[in-house]
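A.B. asks: Compact mmCIF, C-alpha atoms and all ligand atoms, file start-v4.txt:
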# COMPACT_ATOMS: atom_id res chain seq x y z
CA MET A 27 0.00 0.00 0.00
CA ARG A 28 1.31 3.49 -0.88
CA HIS A 29 2.24 5.73 2.09
CA LEU A 30 3.30 9.37 2.01
CA SER A 31 6.51 9.86 4.02
CA VAL A 32 6.33 13.14 5.98
CA PRO A 33 8.44 14.68 8.79
CA SER A 34 6.88 13.45 12.06
CA LYS A 35 6.22 17.03 13.26
CA GLU A 36 4.06 17.67 10.19
CA THR A 37 1.95 14.49 10.54
CA ALA A 38 -1.21 16.25 11.77
CA SER A 39 -1.19 18.95 9.06
CA TRP A 40 -0.46 16.39 6.31
CA LYS A 41 -3.22 14.11 7.59
CA ALA A 42 -5.67 17.04 7.43
CA ARG A 43 -4.52 18.00 3.91
CA LEU A 44 -4.75 14.40 2.60
CA GLU A 45 -8.20 14.00 4.18
CA SER A 46 -9.46 17.20 2.53
CA GLU A 47 -8.22 15.93 -0.88
CA GLU A 48 -9.78 12.49 -0.15
CA TRP A 49 -6.32 10.91 -0.47
CA LEU A 50 -6.20 9.60 3.14
CA ALA A 51 -6.92 5.84 3.43
CA LYS A 52 -9.12 5.69 6.52
CA GLY A 53 -9.19 2.65 8.83
CA HIS A 54 -5.42 2.13 8.48
CA GLY A 55 -2.69 3.07 10.93
CA ILE A 56 0.30 5.39 10.41
CA HIS A 57 3.80 3.86 10.13
CA HIS A 58 6.50 5.17 12.49
CA LEU A 59 9.72 5.57 10.41
CA ASP A 60 12.32 7.08 12.81
CA ASP A 61 11.79 10.84 12.53
CA ARG A 62 9.25 10.46 9.69
CA ARG A 63 5.73 9.02 9.46
CA GLY A 64 4.15 7.01 6.63
CA ILE A 65 0.54 8.10 6.04
CA PRO A 66 -1.64 5.59 4.09
CA LEU A 67 -2.93 6.83 0.72
CA THR A 68 -6.09 5.97 -1.23
CA THR A 69 -5.86 4.76 -4.83
CA ALA A 70 -7.15 8.23 -5.85
CA ALA A 71 -3.96 9.92 -4.56
CA PRO A 72 -1.61 11.15 -7.36
CA GLU A 73 1.85 9.68 -8.13
CA GLU A 74 3.59 12.78 -6.82
CA ILE A 75 2.68 14.96 -3.78
CA ASP A 76 4.84 18.05 -3.12
CA GLY A 77 8.01 16.12 -3.97
CA LEU A 78 7.70 13.95 -0.82
CA PRO A 79 8.74 10.26 -0.96
CA ILE A 80 5.90 7.77 -1.54
CA LEU A 81 6.73 4.37 -0.07
CA ASP A 82 5.19 0.96 -0.64
CA LEU A 83 4.54 -0.38 2.92
CA PRO A 84 2.22 -3.05 4.36
CA PRO A 85 -1.13 -1.56 5.47
CA LEU A 86 -1.54 -1.21 9.25
CA THR A 87 -4.99 -2.07 10.49
CA SER A 88 -5.88 0.35 13.28
CA ASN A 89 -7.26 -1.30 16.42
CA PRO A 90 -11.05 -1.64 16.54
CA LYS A 91 -12.58 0.51 19.29
CA HIS A 92 -14.69 -2.36 20.65
CA TRP A 93 -14.16 -6.14 20.60
CA THR A 94 -17.47 -6.65 18.73
CA GLU A 95 -15.82 -5.14 15.62
CA ARG A 96 -13.56 -8.21 15.58
CA LEU A 97 -16.49 -10.64 15.23
CA PRO A 98 -16.86 -12.25 11.79
CA GLN A 99 -19.17 -9.91 9.88
CA GLU A 100 -21.96 -12.41 9.21
CA ILE A 101 -22.23 -13.32 12.92
CA ARG A 102 -22.00 -9.69 14.01
CA GLU A 103 -24.77 -8.53 11.67
CA ALA A 104 -27.08 -11.47 12.50
CA ASN A 105 -27.19 -10.60 16.22
CA LYS A 106 -26.71 -6.86 16.01
CA SER A 107 -28.32 -5.68 19.26
CA ASP A 108 -27.57 -8.72 21.41
CA TRP A 109 -23.81 -8.44 22.01
CA PRO A 110 -22.78 -7.70 25.60
CA MET A 111 -21.26 -4.22 25.49
CA ALA A 112 -19.98 -4.01 29.09
CA HIS A 113 -17.45 -6.12 30.94
CA ASP A 114 -15.42 -6.04 34.18
CA GLN A 115 -11.72 -6.65 34.34
CA ILE A 116 -10.22 -7.89 37.61
CA GLY A 117 -6.46 -8.33 37.21
CA ASP A 118 -6.02 -10.42 34.07
CA VAL A 119 -9.55 -11.89 34.29
CA VAL A 120 -12.30 -10.40 32.10
CA ILE A 121 -15.87 -11.12 33.22
CA LEU A 122 -19.05 -10.49 31.26
CA LYS A 123 -22.67 -11.54 31.17
CA ILE A 124 -23.55 -13.26 27.90
CA PRO A 125 -27.19 -13.06 26.80
CA GLU A 126 -28.75 -16.44 26.03
CA VAL A 127 -29.34 -15.59 22.33
CA VAL A 128 -25.59 -15.30 21.65
CA GLU A 129 -24.43 -17.99 24.11
CA THR A 130 -23.56 -20.33 21.22
CA HIS A 131 -20.90 -17.79 20.19
CA SER A 132 -19.29 -17.68 23.67
CA ASN A 133 -15.91 -19.01 22.53
CA ILE A 134 -15.59 -16.58 19.65
CA ILE A 135 -16.66 -13.72 21.95
CA GLY A 136 -13.89 -14.75 24.38
CA GLN A 137 -11.32 -14.90 21.58
CA CYS A 138 -12.25 -11.44 20.26
CA ILE A 139 -11.93 -10.01 23.80
CA LEU A 140 -8.48 -11.57 24.23
CA ASP A 141 -7.44 -10.02 20.89
CA GLN A 142 -8.83 -6.66 21.96
CA ILE A 143 -7.40 -6.53 25.52
CA PRO A 144 -3.69 -7.44 25.63
CA SER A 145 -3.62 -7.51 29.46
CA ALA A 146 -6.41 -10.15 29.63
CA ARG A 147 -5.36 -13.77 30.20
CA ILE A 148 -8.76 -15.38 30.56
CA VAL A 149 -12.35 -14.43 29.68
CA CYS A 150 -15.22 -15.78 31.80
CA ALA A 151 -18.98 -15.82 31.41
CA ASP A 152 -20.67 -14.54 34.57
CA LYS A 153 -23.42 -16.94 35.63
CA GLY A 154 -24.54 -14.80 38.59
CA VAL A 155 -23.73 -14.33 42.28
CA LYS A 156 -24.40 -17.45 44.35
CA GLY A 157 -24.50 -18.63 47.97
CA GLU A 158 -23.84 -17.04 51.36
CA PHE A 159 -20.29 -16.15 50.31
CA ARG A 160 -21.64 -13.91 47.48
CA VAL A 161 -19.27 -15.43 44.94
CA ARG A 162 -19.81 -15.19 41.19
CA SER A 163 -20.17 -18.44 39.31
CA LEU A 164 -17.68 -18.07 36.43
CA GLU A 165 -17.28 -20.22 33.32
CA SER A 166 -14.07 -19.88 31.32
CA ILE A 167 -14.83 -19.19 27.63
CA ALA A 168 -11.34 -18.37 26.34
CA SER A 169 -7.81 -18.44 27.69
CA ARG A 170 -4.63 -16.99 26.21
CA ASP A 171 -2.29 -19.59 27.70
CA GLY A 172 -4.59 -22.55 28.38
CA THR A 173 -4.85 -21.80 32.14
CA THR A 174 -8.34 -21.63 33.59
CA THR A 175 -7.65 -20.39 37.12
CA THR A 176 -9.44 -17.18 38.03
CA GLN A 177 -6.90 -16.40 40.74
CA THR A 178 -5.18 -13.13 39.85
CA ARG A 179 -3.56 -10.03 41.36
CA VAL A 180 -4.95 -6.51 41.43
CA LYS A 181 -3.49 -3.20 42.53
CA GLU A 182 -5.52 -1.01 44.87
CA HIS A 183 -4.12 2.35 45.94
CA GLY A 184 -0.60 1.08 45.27
CA ALA A 185 -0.96 -2.23 47.15
CA LEU A 186 -0.98 -5.64 45.42
CA LEU A 187 -3.76 -8.03 46.43
CA TRP A 188 -4.41 -11.68 45.52
CA VAL A 189 -8.05 -12.14 44.53
CA ASP A 190 -10.13 -14.87 42.93
CA PRO A 191 -13.48 -13.61 41.63
CA GLY A 192 -14.54 -17.24 41.06
CA SER A 193 -14.10 -18.32 44.67
CA ALA A 194 -14.08 -15.32 47.04
CA TYR A 195 -15.95 -12.04 47.15
CA TYR A 196 -14.02 -9.00 45.89
CA SER A 197 -15.28 -5.76 44.41
CA PRO A 198 -12.96 -3.06 43.04
CA ARG A 199 -15.93 -0.67 43.26
CA LEU A 200 -15.53 -0.45 47.03
CA ALA A 201 -12.04 1.09 46.83
CA THR A 202 -13.37 4.54 47.87
CA GLU A 203 -15.11 3.05 50.92
CA ARG A 204 -11.78 1.59 51.96
CA GLN A 205 -10.18 5.05 51.75
CA GLY A 206 -12.95 6.23 54.13
CA THR A 207 -11.95 3.48 56.57
CA LEU A 208 -8.36 4.71 56.38
CA ALA A 209 -9.44 8.27 57.25
CA CYS A 210 -11.55 6.96 60.15
CA ALA A 211 -8.61 4.91 61.52
CA ARG A 212 -6.23 7.87 61.22
CA GLY A 213 -8.61 9.92 63.38
CA LEU A 214 -8.76 7.31 66.16
CA ASN A 215 -4.99 6.78 65.94
CA THR A 216 -4.47 10.50 66.57
CA ARG A 217 -6.95 10.58 69.47
CA LEU A 218 -5.62 7.43 71.21
CA LYS A 219 -2.00 8.39 70.40
CA ARG A 220 -1.02 4.78 69.64
CA PRO A 221 -1.24 2.14 66.89
CA LEU A 222 -4.61 0.38 66.67
CA VAL A 223 -5.94 -3.16 66.95
CA ILE A 224 -8.20 -3.73 63.94
CA CYS A 225 -10.67 -6.58 63.65
CA ASP A 226 -12.22 -7.45 60.26
CA PRO A 227 -14.49 -10.51 60.82
CA TYR A 228 -15.91 -10.42 57.24
CA ALA A 229 -12.54 -9.71 55.66
CA GLY A 230 -12.96 -11.54 52.35
CA VAL A 231 -9.48 -11.46 50.78
CA GLY A 232 -8.56 -8.44 52.93
CA PRO A 233 -8.87 -5.34 50.71
CA ALA A 234 -10.02 -3.10 53.59
CA LEU A 235 -6.91 -3.92 55.61
CA LEU A 236 -4.14 -3.28 53.11
CA PRO A 237 -4.44 0.55 53.06
CA LEU A 238 -4.32 0.53 56.88
CA LEU A 239 -1.23 -1.68 56.96
CA ALA A 240 0.51 0.54 54.40
CA GLU A 241 0.48 3.47 56.81
CA GLU A 242 3.35 3.52 59.27
CA GLY A 243 2.39 3.61 62.94
CA LEU A 244 -1.32 3.10 62.29
CA VAL A 245 -1.74 -0.62 63.05
CA ASP A 246 -0.60 -2.57 66.08
CA ARG A 247 -2.40 -5.86 65.35
CA ILE A 248 -4.81 -7.29 62.78
CA VAL A 249 -7.43 -9.93 63.54
CA ALA A 250 -9.08 -10.98 60.27
CA SER A 251 -11.42 -13.82 59.40
CA ASP A 252 -14.08 -14.96 56.96
CA LEU A 253 -16.44 -17.90 56.79
CA ASN A 254 -15.36 -18.79 53.25
CA PRO A 255 -12.23 -21.01 53.45
CA LYS A 256 -11.16 -20.00 49.91
CA ALA A 257 -11.24 -16.35 50.96
CA THR A 258 -9.16 -17.02 54.07
CA SER A 259 -6.43 -18.83 52.12
CA LEU A 260 -6.04 -15.68 49.95
CA LEU A 261 -6.31 -13.52 53.06
CA ARG A 262 -3.30 -15.35 54.52
CA LYS A 263 -1.35 -14.60 51.32
CA ASN A 264 -2.32 -10.92 51.42
CA LEU A 265 -1.65 -10.16 55.09
CA PRO A 266 1.68 -10.13 56.95
CA ASP A 267 2.56 -13.21 59.04
CA SER A 268 1.98 -11.18 62.20
CA ALA A 269 -1.79 -10.96 61.47
CA TRP A 270 -4.19 -13.42 63.11
CA VAL A 271 -6.18 -15.05 60.29
CA GLY A 272 -9.05 -17.48 60.82
CA CYS A 273 -11.92 -19.17 59.03
CA ARG A 274 -14.77 -18.44 61.41
CA ASP A 275 -18.40 -17.47 61.66
CA ALA A 276 -18.05 -13.82 62.69
CA ARG A 277 -20.87 -14.20 65.19
CA LYS A 278 -18.81 -16.74 67.16
CA LEU A 279 -15.45 -14.94 67.12
CA HIS A 280 -16.10 -13.30 70.52
CA GLU A 281 -16.32 -16.76 72.10
CA GLU A 282 -12.59 -17.12 71.32
CA MET A 283 -11.40 -13.58 71.92
CA ALA A 284 -13.13 -10.57 73.41
CA GLY A 285 -12.55 -6.97 74.47
CA PHE A 286 -9.52 -6.34 72.28
CA ALA A 287 -10.43 -4.32 69.15
CA ASP A 288 -10.18 -0.54 68.67
CA ILE A 289 -12.01 -0.80 65.33
CA VAL A 290 -14.37 -3.56 64.14
CA LEU A 291 -15.33 -3.61 60.44
CA VAL A 292 -18.72 -5.13 59.62
CA ASN A 293 -19.05 -5.70 55.90
CA LEU A 294 -21.95 -8.05 55.32
CA PRO A 295 -24.33 -5.56 53.67
CA HIS A 296 -27.44 -7.77 53.67
CA ASN A 297 -27.09 -8.75 57.36
CA SER A 298 -24.73 -6.25 59.03
CA ILE A 299 -27.29 -4.80 61.43
CA ASP A 300 -28.55 -8.22 62.56
CA HIS A 301 -24.96 -9.29 63.29
CA LEU A 302 -24.13 -6.15 65.33
CA PRO A 303 -24.96 -7.66 68.77
CA ASP A 304 -22.17 -10.21 68.26
CA MET A 305 -19.67 -7.52 67.27
CA ILE A 306 -19.91 -5.49 70.48
CA PRO A 307 -18.04 -8.04 72.69
CA LEU A 308 -15.04 -7.79 70.35
CA LEU A 309 -14.55 -4.10 71.21
CA ALA A 310 -12.06 -2.92 73.84
CA LYS A 311 -13.40 -1.19 76.95
CA GLY A 312 -12.51 2.04 78.70
CA HIS A 313 -11.60 4.21 75.70
CA GLU A 314 -13.10 5.33 72.39
CA VAL A 315 -13.66 2.47 69.93
CA ILE A 316 -15.34 2.33 66.50
CA ILE A 317 -17.69 0.01 64.65
CA ARG A 318 -17.68 0.79 60.92
CA GLY A 319 -20.11 -1.25 58.86
CA TRP A 320 -21.99 -1.25 55.58
CA ALA A 321 -25.61 -2.14 55.01
CA ILE A 322 -28.08 -2.09 52.15
CA LEU A 323 -31.00 -0.07 53.51
CA PRO A 324 -34.30 1.15 52.05
CA LEU A 325 -33.97 4.93 51.61
CA GLU A 326 -37.31 5.65 53.26
CA GLN A 327 -36.37 3.59 56.32
CA MET A 328 -33.10 5.33 57.25
CA ASP A 329 -34.55 6.75 60.49
CA ALA A 330 -35.94 3.38 61.54
CA ALA A 331 -32.57 1.74 60.77
CA GLU A 332 -30.76 4.36 62.86
CA LYS A 333 -33.11 3.72 65.79
CA LYS A 334 -32.50 -0.02 65.51
CA VAL A 335 -28.69 0.42 65.48
CA ARG A 336 -28.92 2.84 68.43
CA ALA A 337 -30.94 0.28 70.40
CA ILE A 338 -28.50 -2.55 69.63
CA LEU A 339 -25.40 -0.55 70.51
CA GLY A 340 -26.97 1.01 73.60
CA SER A 341 -27.46 4.78 73.74
CA ASN A 342 -25.35 5.04 76.91
CA ASN A 343 -22.33 3.64 75.11
CA LEU A 344 -22.61 5.85 72.04
CA LEU A 345 -20.37 8.87 71.50
CA SER A 346 -21.72 9.36 67.98
CA LEU A 347 -23.61 7.49 65.28
CA GLU A 348 -23.84 8.26 61.58
CA LEU A 349 -25.64 6.46 58.77
CA VAL A 350 -24.46 7.81 55.41
CA PRO A 351 -26.04 6.48 52.20
CA SER A 352 -23.13 6.53 49.75
CA ARG A 353 -24.33 4.80 46.58
CA SER A 354 -27.61 3.57 45.24
CA TYR A 355 -27.96 -0.21 45.30
CA SER A 356 -31.39 -0.28 43.64
CA PRO A 357 -33.96 2.47 42.98
CA ARG A 358 -35.24 2.09 46.58
CA ASP A 359 -32.15 0.92 48.46
CA ALA A 360 -28.86 2.60 49.29
CA TYR A 361 -25.49 1.14 50.15
CA THR A 362 -25.03 2.84 53.51
CA CYS A 363 -22.00 3.33 55.74
CA ILE A 364 -22.74 3.01 59.45
CA GLU A 365 -20.10 4.49 61.72
CA ALA A 366 -20.52 4.33 65.49
CA HIS A 367 -18.02 5.71 68.03
CA LEU A 368 -18.49 4.10 71.43
CA LEU A 369 -17.12 4.17 74.92
CA LEU A 370 -17.80 0.89 76.72
CA SER A 371 -17.40 0.87 80.46
CA GLU A 372 -14.91 -1.61 81.95
C1 LIG B 401 -19.51 -8.28 51.12
S1 LIG B 401 -18.22 -9.40 51.43
C2 LIG B 401 -16.98 -8.32 52.09
C3 LIG B 401 -15.60 -8.83 51.93
C4 LIG B 401 -14.49 -7.82 52.21
N1 LIG B 401 -14.65 -7.21 53.51
C5 LIG B 401 -14.41 -6.79 51.10
O1 LIG B 401 -14.60 -5.60 51.39
O2 LIG B 401 -14.13 -7.18 49.97
C6 LIG B 401 -18.81 -10.31 52.80
C7 LIG B 401 -17.88 -11.42 53.26
O3 LIG B 401 -18.43 -12.02 54.43
C8 LIG B 401 -18.24 -13.42 54.39
N2 LIG B 401 -19.26 -14.01 55.28
C9 LIG B 401 -20.56 -14.27 55.05
N3 LIG B 401 -21.16 -14.72 56.17
C10 LIG B 401 -20.22 -14.70 57.14
C11 LIG B 401 -20.21 -15.03 58.52
N4 LIG B 401 -21.32 -15.47 59.13
N5 LIG B 401 -19.06 -14.91 59.19
C12 LIG B 401 -17.92 -14.49 58.61
N6 LIG B 401 -17.85 -14.16 57.30
C13 LIG B 401 -19.00 -14.26 56.57
C14 LIG B 401 -18.34 -13.78 52.92
O4 LIG B 401 -17.64 -14.95 52.64
C15 LIG B 401 -17.69 -12.53 52.25
O5 LIG B 401 -16.33 -12.74 52.04
Using the file provided, produce a representation of the structure as structure tokens.
Ligand SMILES: C[S@@+](CC[C@H](N)C(=O)[O-])C[C@H]1O[C@@H](n2cnc3c(N)ncnc32)[C@H](O)[C@@H]1O
C.D. replies:
Amino acid sequence: MRHLSVPSKETASWKARLESEEWLAKGHGIHHLDDRRGIPLTTAAPEEIDGLPILDLPPLTSNPKHWTERLPQEIREANKSDWPMAHDQIGDVVILKIPEVVETHSNIIGQCILDQIPSARIVCADKGVKGEFRVRSLESIASRDGTTTTQTRVKEHGALLWVDPGSAYYSPRLATERQGTLACARGLNTRLKRPLVICDPYAGVGPALLPLLAEEGLVDRIVASDLNPKATSLLRKNLPDSAWVGCRDARKLHEEMAGFADIVLVNLPHNSIDHLPDMIPLLAKGHEVIIRGWAILPLEQMDAAEKKVRAILGSNNLLSLELVPSRSYSPRDAYTCIEAHLLLSE
């Protein structure tokens, strides 16, 4: 294919000129030739353009903007409005919901996504969130290297974290909430003038704890557990050896250890409030302590929820209580952060 060789600094102006003359071959990329660029020409372009060299170079196909453009044309046209347009990427795992009508094309969809996203290793069909551990059922539809594990590593606020979206709950969307937890811990650290004991009984793979551990002087001890054994094996990989890690029902943790935590995190959004009574015994006595939890609450029942939390925690113990709806979960429900500062008598 003929390409016009131009000084690299003049690429934009030459592209505009060729386009205006209808000599620019659209849909093809520009060759990088040291300090010059090769701009693709249409067959209508003349043999000579301002005395510049015209080179015969292989055409560069510019990258499609979306993976669906890589589907064979006849398949793409036949199912025009049915292709899944959104996907999630967690580490090198791409996850997407595939509508039933195009399910027979799952493998080709996976292949096109691998071609489109160089950092993807495996593409999985999302079969929905299942069970008490809120884990997505994933089915591998294409793999770059033949591996089918969904275990991968992600970076959150500079820290590396082992996750496995196919066996333990993890959501990158909660990264801002975790920054809020960091700010809350910094405040208590300043007031108590010492590193803190943090307890995360619904820790998953531990994303809430890493930002706290990254801050010097903030953490004295971590007690982290989860009921899902697959989550706790990743939790062990993600936390330092000094952390206590267990596979426990959070409601029973206080039977083993009690009265030790400066902060207890309660992240079980469908049941957090019901589990609160079993969180109180974990808290240390005689100084300010914090319960920070998340719950999915109906917007019109915020006041009732606050009353319920106040009753569980005991008004006499409460220094402050805030329920802050942060994101909508459904048209009627909000993902709400509950933060209670308490002083329990010894
Ligand atoms: C919404 S996830 C939160 C995970 C983690 N804190 C995060 O932010 O990614 C809730 C976690 O609670 C765990 N879980 C559910 N019921 C539990 C229980 N009774 N005791 C302890 N963990 C439980 C699930 O396995 C899941 O990992």
A.B. asks: Hey, which of A:Met305, A:Leu200, A:Ile167, A:Ile299 ends up closest to Thr130 (chain A)? Count only C-alpha atoms.
C.D. replies: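 Residue with the minimum atom-to-atom distance to Thr130 (chain A): A:Ile167.
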A.B. asks: What's around region 63-74 of chain A at 9 Å? Count all atoms listed in the file, leave out sequence neighbours fewer than 6 positions away in its own chain, and write the answer as a list in words.
C.D. replies: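 Counting only the stated atoms, we get Met27, Arg28, His29, Leu30, Ser31, Val32, Pro33, Ser34, Lys35, Glu36, Thr37, Trp40, Lys41, Leu44, Glu47, Glu48, Trp49, Leu50, Ala51, Lys52, His54, Gly55, Ile56, His57, Ile80, Leu81, Leu83, Pro85 and Leu86 of chain A.
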A.B. asks: Could you please extract the residues within 8 Å of ligand LIG 401 (chain B), counting only C-alpha atoms and all ligand atoms, and hand them back as an NGL selection string?
C.D. replies: :A and (158-161 or 194-197 or 200 or 204 or 226-234 or 251-254 or 257 or 273-277 or 291-295)
A.B. asks: Can you tell me how far CA of Ala185 (chain A) sits from CA of Leu236 (chain A), in Å to one decimal?
C.D. replies: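 Spanning CA of Ala185 (chain A) to CA of Leu236 (chain A) is a straight-line distance of 6.8 Å.
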A.B. asks: What is the distance, in Å and to one decimal place, between CA of Ile116 (chain A) and CA of Glu241 (chain A)?
C.D. replies: 24.7 Å
A.B. asks: What separation in Å, quoted to one decimal, exists between CA of Asn105 (chain A) and CA of Lys91 (chain A)?
C.D. replies: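 Computing it gives 18.6 Å between the two atoms.
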A.B. asks: Considering only C-alpha atoms, state which residue in the set A:His367, A:Arg353, A:Arg199, A:His131 is at the smallest distance from Trp109 (chain A).
C.D. replies: A:His131
A.B. asks: When distances are computed from only C-alpha atoms, which of A:Ala168, A:Val127, A:Leu265, A:Val189 shows the smallest separation from Ala146 (chain A)?
C.D. replies: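 Smallest distance to Ala146 (chain A) is found for A:Ala168.
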A.B. asks: Quick one: residues within 12 Å of region 282-289 of chain A, all atoms listed in the file counted, chain neighbours fewer than 5 positions away excluded, as a VMD selection string?
C.D. replies: chain A and resid 207 to 208 210 to 215 217 to 218 220 to 227 235 238 244 to 250 270 272 274 to 277 304 to 319 365 to 372
A.B. asks: In terms of the shortest atom-to-atom distance over all atoms listed in the file, which of A:Glu165, A:Glu242, A:Glu182, A:Glu126 is closest to Gln205 (chain A)?
C.D. replies: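 Counting all atoms listed in the file, the residue closest to Gln205 (chain A) is A:Glu182.
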A.B. asks: Contacts of Val119 (chain A) at 10 Å or less, counting all atoms listed in the file, minus same-chain residues fewer than 3 places along, as a list in words?
C.D. replies: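 Skipping anything fewer than 3 positions along the chain leaves Asp114, Gln115, Ile116, Ser145, Ala146, Arg147, Ile148, Val149, Cys150, Ser166, Ser169, Thr174, Thr175, Thr176, Gln177, Thr178, Arg179, Asp190, Pro191 and Gly192 of chain A.
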A.B. asks: Please produce a file of the residues just selected, as a PDB file, keeping the file's coordinate frame, where the atoms kept are C-alpha atoms.
C.D. replies:
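What follows is the written file result-v3.pdb:
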ATOM      1  CA  ASP A 114     -15.420  -6.040  34.180  1.00  0.00           C
ATOM      2  CA  GLN A 115     -11.720  -6.650  34.340  1.00  0.00           C
ATOM      3  CA  ILE A 116     -10.220  -7.890  37.610  1.00  0.00           C
ATOM      4  CA  SER A 145      -3.620  -7.510  29.460  1.00  0.00           C
ATOM      5  CA  ALA A 146      -6.410 -10.150  29.630  1.00  0.00           C
ATOM      6  CA  ARG A 147      -5.360 -13.770  30.200  1.00  0.00           C
ATOM      7  CA  ILE A 148      -8.760 -15.380  30.560  1.00  0.00           C
ATOM      8  CA  VAL A 149     -12.350 -14.430  29.680  1.00  0.00           C
ATOM      9  CA  CYS A 150     -15.220 -15.780  31.800  1.00  0.00           C
ATOM     10  CA  SER A 166     -14.070 -19.880  31.320  1.00  0.00           C
ATOM     11  CA  SER A 169      -7.810 -18.440  27.690  1.00  0.00           C
ATOM     12  CA  THR A 174      -8.340 -21.630  33.590  1.00  0.00           C
ATOM     13  CA  THR A 175      -7.650 -20.390  37.120  1.00  0.00           C
ATOM     14  CA  THR A 176      -9.440 -17.180  38.030  1.00  0.00           C
ATOM     15  CA  GLN A 177      -6.900 -16.400  40.740  1.00  0.00           C
ATOM     16  CA  THR A 178      -5.180 -13.130  39.850  1.00  0.00           C
ATOM     17  CA  ARG A 179      -3.560 -10.030  41.360  1.00  0.00           C
ATOM     18  CA  ASP A 190     -10.130 -14.870  42.930  1.00  0.00           C
ATOM     19  CA  PRO A 191     -13.480 -13.610  41.630  1.00  0.00           C
ATOM     20  CA  GLY A 192     -14.540 -17.240  41.060  1.00  0.00           C
TER      21      GLY A 192
END
A.B. asks: With all atoms listed in the file as the basis for distance, which of A:Thr94, A:Ser163, A:Ser356, A:Thr202 is at the shortest distance from Leu140 (chain A)?
C.D. replies: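 Of the candidates, the smallest distance to Leu140 (chain A) is held by A:Thr94.
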A.B. asks: Which of these, A:Ile338, A:Asn343, A:Gln137, A:Gly154, has the shortest distance to Asp171 (chain A) once you count all atoms listed in the file?
C.D. replies: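 Checking each candidate against Asp171 (chain A), we get A:Gln137 as the closest.
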A.B. asks: Add whatever atoms are absent from region 64-79 of chain A to reach N, CA and C atoms, and provide the output as a compact mmCIF listing (two decimals), in the coordinates of the input.
C.D. replies:
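Wrote selection.txt, looks like this:
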# COMPACT_ATOMS: atom_id res chain seq x y z
N GLY A 64 4.71 7.43 7.92
CA GLY A 64 4.15 7.01 6.63
C GLY A 64 2.63 7.02 6.71
N ILE A 65 2.00 7.97 5.96
CA ILE A 65 0.54 8.10 6.04
C ILE A 65 -0.10 7.33 4.87
N PRO A 66 -1.07 6.43 5.17
CA PRO A 66 -1.64 5.59 4.09
C PRO A 66 -2.45 6.41 3.08
N LEU A 67 -2.27 6.07 1.80
CA LEU A 67 -2.93 6.83 0.72
C LEU A 67 -4.01 5.99 0.04
N THR A 68 -5.05 6.67 -0.44
CA THR A 68 -6.09 5.97 -1.23
C THR A 68 -5.58 5.78 -2.66
N THR A 69 -6.27 4.96 -3.42
CA THR A 69 -5.86 4.76 -4.83
C THR A 69 -6.05 6.04 -5.64
N ALA A 70 -6.91 6.97 -5.13
CA ALA A 70 -7.15 8.23 -5.85
C ALA A 70 -5.98 9.22 -5.71
N ALA A 71 -5.06 8.98 -4.78
CA ALA A 71 -3.96 9.92 -4.56
C ALA A 71 -3.03 9.91 -5.78
N PRO A 72 -2.47 11.09 -6.18
CA PRO A 72 -1.61 11.15 -7.36
C PRO A 72 -0.25 10.45 -7.14
N GLU A 73 0.53 10.34 -8.22
CA GLU A 73 1.85 9.68 -8.13
C GLU A 73 2.86 10.54 -7.40
N GLU A 74 2.59 11.86 -7.41
CA GLU A 74 3.59 12.78 -6.82
C GLU A 74 2.85 13.79 -5.93
N ILE A 75 3.33 13.98 -4.68
CA ILE A 75 2.68 14.96 -3.78
C ILE A 75 3.79 15.83 -3.18
N ASP A 76 3.87 17.06 -3.63
CA ASP A 76 4.84 18.05 -3.12
C ASP A 76 6.28 17.53 -3.04
N GLY A 77 6.64 16.64 -3.91
CA GLY A 77 8.01 16.12 -3.97
C GLY A 77 8.38 15.20 -2.81
N LEU A 78 7.39 14.82 -1.97
CA LEU A 78 7.70 13.95 -0.82
C LEU A 78 7.81 12.48 -1.28
N PRO A 79 8.64 11.67 -0.56
CA PRO A 79 8.74 10.26 -0.96
C PRO A 79 7.42 9.52 -0.76
